[in-house]
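**Student:** Have a look at the structure that comes next, please.
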Number of protein chains: 2
Amino acid sequence: MPRKRLTREESREQTRLRLLEAAAAVIAKKGLAATSVEDVAEHAGYTRGAFYSNFKSKTDLFLELLSRDHDDAHQDLQELLDTDLPREELQKRLAQFYGQLYRDHANYVLWAEARLLAVRDAKFRHRLNALCLEKRDQIAYFITKFCERMELEVPAPAPDLALAMMGLIDGVLYFNMSMPGELPDEAIESVLSLIFRATFFGTRN
Amino acid sequence: MPRKRLTREESREQTRLRLLEAAAAVIAKKGLAATSVEDVAEHAGYTRGAFYSNFKSKTDLFLELLSRDHDDAHQDLQELLDTDLPREELQKRLAQFYGQLYRDHANYVLWAEARLLAVRDAKFRHRLNALCLEKRDQIAYFITKFCERMELEVPAPAPDLALAMMGLIDGVLYFNMSMPGELPDEAIESVLSLIFRATFFGTRN
DNA sequence: GAACTCTAATACATATATGTATCTGAATTC
DNA sequence: GAATTCAGATACATATATGTATTAGAGTTC
């Protein structure tokens, strides 16, 4: 098959994408700090020249990586929210949504790396905070809507609840990440849904 | 004051301790990967020679650091458990216990680093798993005892609940770690206790 | 107190990283 | 199709890490 000859812009964009993909893979595997610019470039099939011609630094690329992942997740959640679903369907979709969170370990590791980088790098922290707060607000909005639709009383300030829920899910994901196979999926799911039900519906069964 | 002349063993132990302390400080500040053996030795007032004469590697030292911290935490919780307290007092102590978790950020960062190292280093992961499962079992036991004392039904398998609770607290701590000041202590506390009450007592107020 | 033994310092050999400066060849422009 | 421009390769200068081999000097033993 005759590969299309690329324009300069297309080719540049392709390089950028390949570098980003490679970075995601290598960073997830080796860790951010242990990943050299050379590793990323090589894994993408380029040399460091290509890297520095596309990104200011490793942190720069990393932030773009997170930003893209965040946008994806944001959109997924937004879709869930936008569609007008009947109660049962909504609950089902919701379960499906947080069930699917476990699938992609790789991305999770990236966010764990990001947290630690944020502890040390103030500038990075501020950029990351912006993303996290955006997510919190989105979830808070979701909670509000959800309770409304279910005709439930919101049991605490929605933004606080959102943070707690994010924390809960994150915490469990962290466990799963560093101790794979230690806690069976069904167990997690049943405890999580126990907590959700207890918290939002005020009933445990 | 005439400083006591140390025996060889004492002096060696002192060196070890100083190196461990220095490591905790430097790793919390710069991150595990970014911390060199030289950094640690220097911060402790020695050279690399001292380090390699006391530890096999950076990972080796790191594991000992975690192990010691784990033992400390274990003891604290054990004390809470051993004493026979009246209900109200127990609940009060418990609140105090998880309130105090926030105090020492530095140690928290170390555990976050450990999680990520565990993702990559199988040997390290197994050692870490042992510690974490020990903690889970301890908390599970605590939950069982607690429910017994409070005359409550344990709402799910205690080990699973323990993991979920650890996840919840961990998740929130992670947030606090990378986004200091973003969520006020009172908000956390009130949401956490809402979730605890809902889950264990089946009531939200 | 002489012989020894062990801790920690020093010196050395070897990797591996970063970032910039310069170059080359393929797209683009005219 | 010659001139030009720009993406990406190459080369270079500079740090910084690791781990081992050797050494010095302070405890220890007899």
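Order determines the names: the first chain of the structure tokens is A, the second B, and so forth; residues in each chain are numbered 1 upward, and ligands are numbered 1 upward as they are shown.
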Would you mind listing, for every residue of chain B within 12 Å of chain C, the two atoms forming the shortest contact and the distance between them in Å to one decimal, using only C-alpha atoms (C1' of nucleotides), sorted by chain and ascending residue number, as a tab-separated table?
**Tutor:**
residue	atom	partner	partner_atom	distance
B:Thr7	CA	C:DT7	C1'	11.3
B:Arg8	CA	C:DT7	C1'	7.9
B:Glu9	CA	C:DT7	C1'	9.7
B:Glu10	CA	C:DT7	C1'	11.4
B:Ser11	CA	C:DT7	C1'	8.8
B:Arg12	CA	C:DT7	C1'	7.3
B:Glu13	CA	C:DT7	C1'	11.0
B:Gln14	CA	C:DT7	C1'	11.8
B:Thr15	CA	C:DA8	C1'	9.8
B:Arg16	CA	C:DT7	C1'	11.5
B:Ala41	CA	C:DA8	C1'	11.0
B:Gly45	CA	C:DA8	C1'	11.3
B:Tyr46	CA	C:DA8	C1'	8.0
B:Thr47	CA	C:DA9	C1'	7.0
B:Arg48	CA	C:DA9	C1'	8.5
B:Gly49	CA	C:DA8	C1'	5.6
B:Ala50	CA	C:DA8	C1'	4.9
B:Phe51	CA	C:DA8	C1'	8.6
B:Tyr52	CA	C:DA8	C1'	9.4
B:Ser53	CA	C:DA8	C1'	7.5
B:Asn54	CA	C:DT7	C1'	9.3
**Student:** I'd like the contact shell of segment 150-166 of chain B - 7 Å cut-off, only C-alpha atoms (C1' of nucleotides), skipping same-chain residues fewer than 2 positions apart - returned as a PDB file with N, CA and C atoms, in the first residue's frame.
**Tutor:**
ATOM      1  N   VAL A 172      -8.325   3.000  46.508  1.00  0.00           N
ATOM      2  CA  VAL A 172      -8.480   1.597  46.155  1.00  0.00           C
ATOM      3  C   VAL A 172      -7.671   1.276  44.886  1.00  0.00           C
ATOM      4  N   ALA A 187     -14.916  -8.284  45.514  1.00  0.00           N
ATOM      5  CA  ALA A 187     -14.854  -7.750  46.866  1.00  0.00           C
ATOM      6  C   ALA A 187     -14.835  -6.228  46.836  1.00  0.00           C
ATOM      7  N   VAL A 191     -17.797  -3.812  48.347  1.00  0.00           N
ATOM      8  CA  VAL A 191     -17.571  -2.864  49.436  1.00  0.00           C
ATOM      9  C   VAL A 191     -17.822  -1.435  48.976  1.00  0.00           C
TER      10      VAL A 191
ATOM     11  N   ARG B  87     -17.293   2.792  75.475  1.00  0.00           N
ATOM     12  CA  ARG B  87     -17.684   3.168  74.108  1.00  0.00           C
ATOM     13  C   ARG B  87     -17.320   4.585  73.677  1.00  0.00           C
ATOM     14  N   ARG B 136      -3.547  -4.458  56.975  1.00  0.00           N
ATOM     15  CA  ARG B 136      -4.950  -4.729  56.682  1.00  0.00           C
ATOM     16  C   ARG B 136      -5.542  -5.653  57.733  1.00  0.00           C
ATOM     17  N   ASP B 137      -4.794  -6.694  58.052  1.00  0.00           N
ATOM     18  CA  ASP B 137      -5.309  -7.656  59.022  1.00  0.00           C
ATOM     19  C   ASP B 137      -5.496  -7.016  60.383  1.00  0.00           C
ATOM     20  N   ILE B 139      -6.170  -3.914  60.945  1.00  0.00           N
ATOM     21  CA  ILE B 139      -7.350  -3.056  60.898  1.00  0.00           C
ATOM     22  C   ILE B 139      -8.622  -3.885  60.857  1.00  0.00           C
ATOM     23  N   ALA B 140      -8.562  -4.992  60.116  1.00  0.00           N
ATOM     24  CA  ALA B 140      -9.723  -5.879  60.065  1.00  0.00           C
ATOM     25  C   ALA B 140     -10.075  -6.358  61.480  1.00  0.00           C
ATOM     26  N   ILE B 143     -11.645  -3.593  63.347  1.00  0.00           N
ATOM     27  CA  ILE B 143     -13.042  -3.396  62.947  1.00  0.00           C
ATOM     28  C   ILE B 143     -13.943  -4.412  63.635  1.00  0.00           C
ATOM     29  N   THR B 144     -13.506  -5.657  63.604  1.00  0.00           N
ATOM     30  CA  THR B 144     -14.288  -6.712  64.248  1.00  0.00           C
ATOM     31  C   THR B 144     -14.517  -6.400  65.721  1.00  0.00           C
ATOM     32  N   PHE B 146     -14.211  -3.577  67.215  1.00  0.00           N
ATOM     33  CA  PHE B 146     -14.978  -2.341  67.359  1.00  0.00           C
ATOM     34  C   PHE B 146     -16.472  -2.622  67.248  1.00  0.00           C
ATOM     35  N   CYS B 147     -16.857  -3.351  66.221  1.00  0.00           N
ATOM     36  CA  CYS B 147     -18.273  -3.647  66.019  1.00  0.00           C
ATOM     37  C   CYS B 147     -18.826  -4.465  67.186  1.00  0.00           C
ATOM     38  N   GLU B 148     -18.005  -5.378  67.648  1.00  0.00           N
ATOM     39  CA  GLU B 148     -18.386  -6.187  68.784  1.00  0.00           C
ATOM     40  C   GLU B 148     -18.694  -5.302  69.994  1.00  0.00           C
ATOM     41  N   LEU B 168      -9.743   4.621  51.458  1.00  0.00           N
ATOM     42  CA  LEU B 168     -10.397   5.914  51.642  1.00  0.00           C
ATOM     43  C   LEU B 168      -9.454   6.912  52.296  1.00  0.00           C
ATOM     44  N   ILE B 169      -8.869   6.497  53.394  1.00  0.00           N
ATOM     45  CA  ILE B 169      -7.973   7.398  54.111  1.00  0.00           C
ATOM     46  C   ILE B 169      -6.747   7.733  53.268  1.00  0.00           C
ATOM     47  N   ASP B 170      -6.188   6.706  52.658  1.00  0.00           N
ATOM     48  CA  ASP B 170      -5.043   6.933  51.785  1.00  0.00           C
ATOM     49  C   ASP B 170      -5.366   7.904  50.664  1.00  0.00           C
ATOM     50  N   PHE B 200     -20.944   1.963  59.029  1.00  0.00           N
ATOM     51  CA  PHE B 200     -20.939   1.060  60.175  1.00  0.00           C
ATOM     52  C   PHE B 200     -22.207   1.132  61.019  1.00  0.00           C
TER      53      PHE B 200
END
**Student:** I'd like the interatomic distance between atom CA of Glu182 of chain B and atom CA of Ser57 of chain A, to a tenth of an Å.
**Tutor:**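 Distance between the two atoms: 27.8 Å.
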**Student:** Quick one: contact table of chain B to chain A, 6 Å max, nearest atom pair and distance in Å to one decimal per residue, counting only C-alpha atoms, chain and number order, as JSON lines?
**Tutor:**
{"residue": "B:Arg115", "atom": "CA", "partner": "A:Ser178", "partner_atom": "CA", "distance": 5.5}
{"residue": "B:Ala118", "atom": "CA", "partner": "A:Ser178", "partner_atom": "CA", "distance": 5.6}
{"residue": "B:Val119", "atom": "CA", "partner": "A:Ser178", "partner_atom": "CA", "distance": 5.1}
{"residue": "B:Gly167", "atom": "CA", "partner": "A:Gly171", "partner_atom": "CA", "distance": 3.9}
{"residue": "B:Leu168", "atom": "CA", "partner": "A:Leu168", "partner_atom": "CA", "distance": 4.0}
{"residue": "B:Asp170", "atom": "CA", "partner": "A:Gly171", "partner_atom": "CA", "distance": 5.4}
{"residue": "B:Gly171", "atom": "CA", "partner": "A:Gly167", "partner_atom": "CA", "distance": 3.9}
{"residue": "B:Val172", "atom": "CA", "partner": "A:Gly167", "partner_atom": "CA", "distance": 4.7}
{"residue": "B:Ser178", "atom": "CA", "partner": "A:Val119", "partner_atom": "CA", "distance": 5.1}
{"residue": "B:Ile195", "atom": "CA", "partner": "A:Thr199", "partner_atom": "CA", "distance": 5.7}
{"residue": "B:Ala198", "atom": "CA", "partner": "A:Ala198", "partner_atom": "CA", "distance": 5.1}
{"residue": "B:Thr199", "atom": "CA", "partner": "A:Ala198", "partner_atom": "CA", "distance": 5.5}
**Student:** Report chain B as an mmCIF file with C-alpha atoms, in the first residue's frame in the frame of chain A, after least-squares superposition over all C-alpha atoms paired in order.
**Tutor:**
data_model
loop_
_atom_site.group_PDB
_atom_site.id
_atom_site.type_symbol
_atom_site.label_atom_id
_atom_site.label_comp_id
_atom_site.auth_asym_id
_atom_site.auth_seq_id
_atom_site.Cartn_x
_atom_site.Cartn_y
_atom_site.Cartn_z
ATOM 1 C CA MET B 1 -0.066 0.344 -0.119
ATOM 2 C CA PRO B 2 1.544 3.548 -1.183
ATOM 3 C CA ARG B 3 2.143 5.522 1.971
ATOM 4 C CA LYS B 4 0.989 9.037 1.584
ATOM 5 C CA ARG B 5 3.687 11.657 1.508
ATOM 6 C CA LEU B 6 3.140 13.820 4.557
ATOM 7 C CA THR B 7 3.173 17.562 4.706
ATOM 8 C CA ARG B 8 5.541 19.146 7.153
ATOM 9 C CA GLU B 9 2.786 19.867 9.633
ATOM 10 C CA GLU B 10 1.315 16.376 9.443
ATOM 11 C CA SER B 11 4.672 14.805 9.889
ATOM 12 C CA ARG B 12 5.439 16.993 12.883
ATOM 13 C CA GLU B 13 2.123 16.161 14.485
ATOM 14 C CA GLN B 14 2.769 12.486 13.918
ATOM 15 C CA THR B 15 6.117 12.795 15.635
ATOM 16 C CA ARG B 16 4.542 14.554 18.578
ATOM 17 C CA LEU B 17 1.913 11.868 18.951
ATOM 18 C CA ARG B 18 4.412 9.073 18.686
ATOM 19 C CA LEU B 19 6.564 10.706 21.295
ATOM 20 C CA LEU B 20 3.596 11.111 23.623
ATOM 21 C CA GLU B 21 2.540 7.516 23.203
ATOM 22 C CA ALA B 22 6.052 6.286 23.727
ATOM 23 C CA ALA B 23 6.382 8.434 26.821
ATOM 24 C CA ALA B 24 3.184 7.041 28.326
ATOM 25 C CA ALA B 25 4.420 3.506 27.833
ATOM 26 C CA VAL B 26 7.941 4.043 29.056
ATOM 27 C CA ILE B 27 7.006 6.198 32.030
ATOM 28 C CA ALA B 28 4.374 3.706 33.159
ATOM 29 C CA LYS B 29 6.960 0.977 32.942
ATOM 30 C CA LYS B 30 10.063 2.603 34.387
ATOM 31 C CA GLY B 31 8.768 5.610 36.263
ATOM 32 C CA LEU B 32 9.024 9.264 35.404
ATOM 33 C CA ALA B 33 12.371 9.980 36.989
ATOM 34 C CA ALA B 34 13.977 6.834 35.637
ATOM 35 C CA THR B 35 12.818 7.608 32.130
ATOM 36 C CA SER B 36 15.277 9.612 30.107
ATOM 37 C CA VAL B 37 14.469 11.808 27.180
ATOM 38 C CA GLU B 38 16.558 9.402 25.160
ATOM 39 C CA ASP B 39 14.383 6.464 26.269
ATOM 40 C CA VAL B 40 11.272 8.199 25.045
ATOM 41 C CA ALA B 41 12.733 9.285 21.733
ATOM 42 C CA GLU B 42 14.226 5.876 21.067
ATOM 43 C CA HIS B 43 11.025 4.022 21.943
ATOM 44 C CA ALA B 44 9.186 6.276 19.505
ATOM 45 C CA GLY B 45 11.765 5.603 16.814
ATOM 46 C CA TYR B 46 13.524 8.974 16.899
ATOM 47 C CA THR B 47 16.531 10.593 18.475
ATOM 48 C CA ARG B 48 16.713 13.245 21.117
ATOM 49 C CA GLY B 49 16.784 15.890 18.469
ATOM 50 C CA ALA B 50 13.160 15.138 17.622
ATOM 51 C CA PHE B 51 12.215 15.353 21.257
ATOM 52 C CA TYR B 52 13.734 18.720 21.956
ATOM 53 C CA SER B 53 12.348 20.040 18.738
ATOM 54 C CA ASN B 54 8.844 19.163 19.967
ATOM 55 C CA PHE B 55 8.903 19.642 23.731
ATOM 56 C CA LYS B 56 10.643 21.999 26.069
ATOM 57 C CA SER B 57 11.418 19.297 28.604
ATOM 58 C CA LYS B 58 10.325 15.989 30.036
ATOM 59 C CA THR B 59 7.979 17.739 32.458
ATOM 60 C CA ASP B 60 6.476 19.679 29.607
ATOM 61 C CA LEU B 61 5.659 16.516 27.713
ATOM 62 C CA PHE B 62 4.400 14.832 30.854
ATOM 63 C CA LEU B 63 1.968 17.620 31.529
ATOM 64 C CA GLU B 64 0.575 17.382 28.046
ATOM 65 C CA LEU B 65 0.144 13.657 28.514
ATOM 66 C CA LEU B 66 -1.885 14.157 31.678
ATOM 67 C CA SER B 67 -3.853 16.939 30.158
ATOM 68 C CA ARG B 68 -4.937 14.765 27.264
ATOM 69 C CA ASP B 69 -5.897 11.903 29.539
ATOM 70 C CA HIS B 70 -7.846 14.267 31.695
ATOM 71 C CA ASP B 71 -9.741 15.575 28.710
ATOM 72 C CA ASP B 72 -10.647 12.046 27.679
ATOM 73 C CA ALA B 73 -11.952 11.154 31.128
ATOM 74 C CA HIS B 74 -13.799 14.418 31.296
ATOM 75 C CA GLN B 75 -15.584 13.712 28.062
ATOM 76 C CA ASP B 76 -16.558 10.204 29.128
ATOM 77 C CA LEU B 77 -18.144 11.481 32.293
ATOM 78 C CA GLN B 78 -19.816 14.320 30.475
ATOM 79 C CA GLU B 79 -21.475 11.905 28.109
ATOM 80 C CA LEU B 80 -22.762 9.906 31.030
ATOM 81 C CA LEU B 81 -24.197 13.068 32.449
ATOM 82 C CA ASP B 82 -25.702 14.579 29.351
ATOM 83 C CA THR B 83 -27.904 11.718 28.348
ATOM 84 C CA ASP B 84 -31.275 11.691 30.025
ATOM 85 C CA LEU B 85 -31.605 8.229 31.441
ATOM 86 C CA PRO B 86 -34.206 6.500 33.593
ATOM 87 C CA ARG B 87 -33.147 5.769 37.164
ATOM 88 C CA GLU B 88 -32.276 2.118 36.822
ATOM 89 C CA GLU B 89 -30.331 2.724 33.666
ATOM 90 C CA LEU B 90 -28.404 5.554 35.267
ATOM 91 C CA GLN B 91 -27.439 3.424 38.227
ATOM 92 C CA LYS B 92 -26.384 0.630 35.957
ATOM 93 C CA ARG B 93 -24.253 2.930 33.847
ATOM 94 C CA LEU B 94 -22.695 4.381 36.944
ATOM 95 C CA ALA B 95 -21.698 0.981 38.267
ATOM 96 C CA GLN B 96 -20.285 0.198 34.872
ATOM 97 C CA PHE B 97 -18.404 3.484 34.911
ATOM 98 C CA TYR B 98 -16.518 2.917 38.093
ATOM 99 C CA GLY B 99 -16.081 -0.733 37.319
ATOM 100 C CA GLN B 100 -14.241 0.230 34.167
ATOM 101 C CA LEU B 101 -11.857 2.434 36.108
ATOM 102 C CA TYR B 102 -9.782 -0.590 36.944
ATOM 103 C CA ARG B 103 -9.091 -1.522 33.400
ATOM 104 C CA ASP B 104 -6.266 0.736 32.517
ATOM 105 C CA HIS B 105 -3.595 0.455 35.115
ATOM 106 C CA ALA B 106 -1.033 2.232 33.000
ATOM 107 C CA ASN B 107 -2.774 5.587 33.119
ATOM 108 C CA TYR B 108 -3.264 5.249 36.793
ATOM 109 C CA VAL B 109 0.427 4.934 37.356
ATOM 110 C CA LEU B 110 0.930 8.165 35.455
ATOM 111 C CA TRP B 111 -1.362 10.027 37.807
ATOM 112 C CA ALA B 112 0.396 8.585 40.801
ATOM 113 C CA GLU B 113 3.661 9.865 39.385
ATOM 114 C CA ALA B 114 2.036 13.219 38.823
ATOM 115 C CA ARG B 115 0.978 13.495 42.435
ATOM 116 C CA LEU B 116 4.514 13.026 43.601
ATOM 117 C CA LEU B 117 5.929 15.449 41.114
ATOM 118 C CA ALA B 118 3.368 17.970 42.337
ATOM 119 C CA VAL B 119 4.687 17.666 45.868
ATOM 120 C CA ARG B 120 8.051 18.972 44.698
ATOM 121 C CA ASP B 121 7.419 21.192 41.755
ATOM 122 C CA ALA B 122 5.231 24.161 42.632
ATOM 123 C CA LYS B 123 4.590 25.183 39.059
ATOM 124 C CA PHE B 124 3.588 21.704 38.085
ATOM 125 C CA ARG B 125 1.425 21.460 41.179
ATOM 126 C CA HIS B 126 -0.599 24.453 40.154
ATOM 127 C CA ARG B 127 -1.227 23.057 36.724
ATOM 128 C CA LEU B 128 -2.208 19.710 38.194
ATOM 129 C CA ASN B 129 -4.452 21.314 40.774
ATOM 130 C CA ALA B 130 -6.356 23.009 38.012
ATOM 131 C CA LEU B 131 -7.058 19.645 36.405
ATOM 132 C CA CYS B 132 -8.017 17.978 39.674
ATOM 133 C CA LEU B 133 -10.341 20.741 40.744
ATOM 134 C CA GLU B 134 -11.981 20.669 37.371
ATOM 135 C CA LYS B 135 -12.617 17.005 37.914
ATOM 136 C CA ARG B 136 -13.885 17.558 41.425
ATOM 137 C CA ASP B 137 -16.354 20.137 40.232
ATOM 138 C CA GLN B 138 -17.519 17.885 37.486
ATOM 139 C CA ILE B 139 -18.124 15.074 39.941
ATOM 140 C CA ALA B 140 -19.764 17.424 42.407
ATOM 141 C CA TYR B 141 -22.126 18.501 39.672
ATOM 142 C CA PHE B 142 -22.734 14.896 38.838
ATOM 143 C CA ILE B 143 -23.547 14.081 42.451
ATOM 144 C CA THR B 144 -25.990 16.952 42.648
ATOM 145 C CA LYS B 145 -27.735 15.879 39.467
ATOM 146 C CA PHE B 146 -27.728 12.277 40.553
ATOM 147 C CA CYS B 147 -29.343 13.005 43.902
ATOM 148 C CA GLU B 148 -31.858 15.219 42.204
ATOM 149 C CA ARG B 149 -32.807 12.542 39.740
ATOM 150 C CA MET B 150 -33.015 9.960 42.495
ATOM 151 C CA GLU B 151 -34.932 12.314 44.722
ATOM 152 C CA LEU B 152 -32.337 12.035 47.439
ATOM 153 C CA GLU B 153 -31.051 14.636 49.797
ATOM 154 C CA VAL B 154 -27.393 15.475 49.216
ATOM 155 C CA PRO B 155 -25.916 14.312 52.527
ATOM 156 C CA ALA B 156 -23.034 16.829 52.623
ATOM 157 C CA PRO B 157 -21.617 19.653 50.504
ATOM 158 C CA ALA B 158 -21.284 18.192 47.033
ATOM 159 C CA PRO B 159 -17.685 19.329 46.440
ATOM 160 C CA ASP B 160 -16.575 17.706 49.676
ATOM 161 C CA LEU B 161 -18.404 14.533 48.823
ATOM 162 C CA ALA B 162 -16.818 14.603 45.407
ATOM 163 C CA LEU B 163 -13.369 14.783 46.919
ATOM 164 C CA ALA B 164 -14.096 11.987 49.321
ATOM 165 C CA MET B 165 -15.408 9.802 46.506
ATOM 166 C CA MET B 166 -12.415 10.558 44.349
ATOM 167 C CA GLY B 167 -10.214 9.780 47.320
ATOM 168 C CA LEU B 168 -11.979 6.518 47.968
ATOM 169 C CA ILE B 169 -11.710 5.342 44.401
ATOM 170 C CA ASP B 170 -8.168 6.589 44.070
ATOM 171 C CA GLY B 171 -7.104 4.938 47.271
ATOM 172 C CA VAL B 172 -8.491 1.617 46.183
ATOM 173 C CA LEU B 173 -6.923 1.978 42.763
ATOM 174 C CA TYR B 174 -3.571 2.656 44.374
ATOM 175 C CA PHE B 175 -3.867 -0.554 46.263
ATOM 176 C CA ASN B 176 -4.768 -2.441 43.183
ATOM 177 C CA MET B 177 -1.888 -0.877 41.342
ATOM 178 C CA SER B 178 0.834 -1.816 43.759
ATOM 179 C CA MET B 179 -0.717 -5.045 45.001
ATOM 180 C CA PRO B 180 -2.282 -6.554 41.926
ATOM 181 C CA GLY B 181 -4.437 -9.557 42.633
ATOM 182 C CA GLU B 182 -4.438 -8.973 46.357
ATOM 183 C CA LEU B 183 -8.041 -7.846 46.478
ATOM 184 C CA PRO B 184 -10.573 -9.579 44.234
ATOM 185 C CA ASP B 185 -12.664 -7.358 41.994
ATOM 186 C CA GLU B 186 -15.940 -8.588 43.431
ATOM 187 C CA ALA B 187 -14.848 -7.733 46.952
ATOM 188 C CA ILE B 188 -13.911 -4.212 45.960
ATOM 189 C CA GLU B 189 -17.081 -3.715 44.055
ATOM 190 C CA SER B 190 -19.275 -4.935 46.833
ATOM 191 C CA VAL B 191 -17.574 -2.847 49.495
ATOM 192 C CA LEU B 192 -17.553 0.243 47.322
ATOM 193 C CA SER B 193 -21.201 -0.094 46.556
ATOM 194 C CA LEU B 194 -21.938 -0.717 50.234
ATOM 195 C CA ILE B 195 -20.248 2.564 51.066
ATOM 196 C CA PHE B 196 -21.983 4.408 48.240
ATOM 197 C CA ARG B 197 -25.388 3.110 49.175
ATOM 198 C CA ALA B 198 -24.858 3.807 52.845
ATOM 199 C CA THR B 199 -23.654 7.309 52.155
ATOM 200 C CA PHE B 200 -26.173 8.385 49.562
ATOM 201 C CA PHE B 201 -29.223 6.263 50.178
ATOM 202 C CA GLY B 202 -28.743 5.874 53.899
ATOM 203 C CA THR B 203 -29.312 2.178 53.646
ATOM 204 C CA ARG B 204 -26.885 -0.690 53.565
ATOM 205 C CA ASN B 205 -28.718 -3.290 51.580
#
**Student:** Counting only C-alpha atoms (C1' of nucleotides), which residues of chain D come no farther than 9 Å from chain A, as a ChimeraX atom specification?
**Tutor:** /D:6-10
**Student:** I need the helix (DSSP H, G or I) residues of segment 61-197 of chain B per DSSP on the backbone, written as a PyMOL selection string.
**Tutor:** chain B and resi 61-82+87-100+105-120+122-150+158-178+185-197
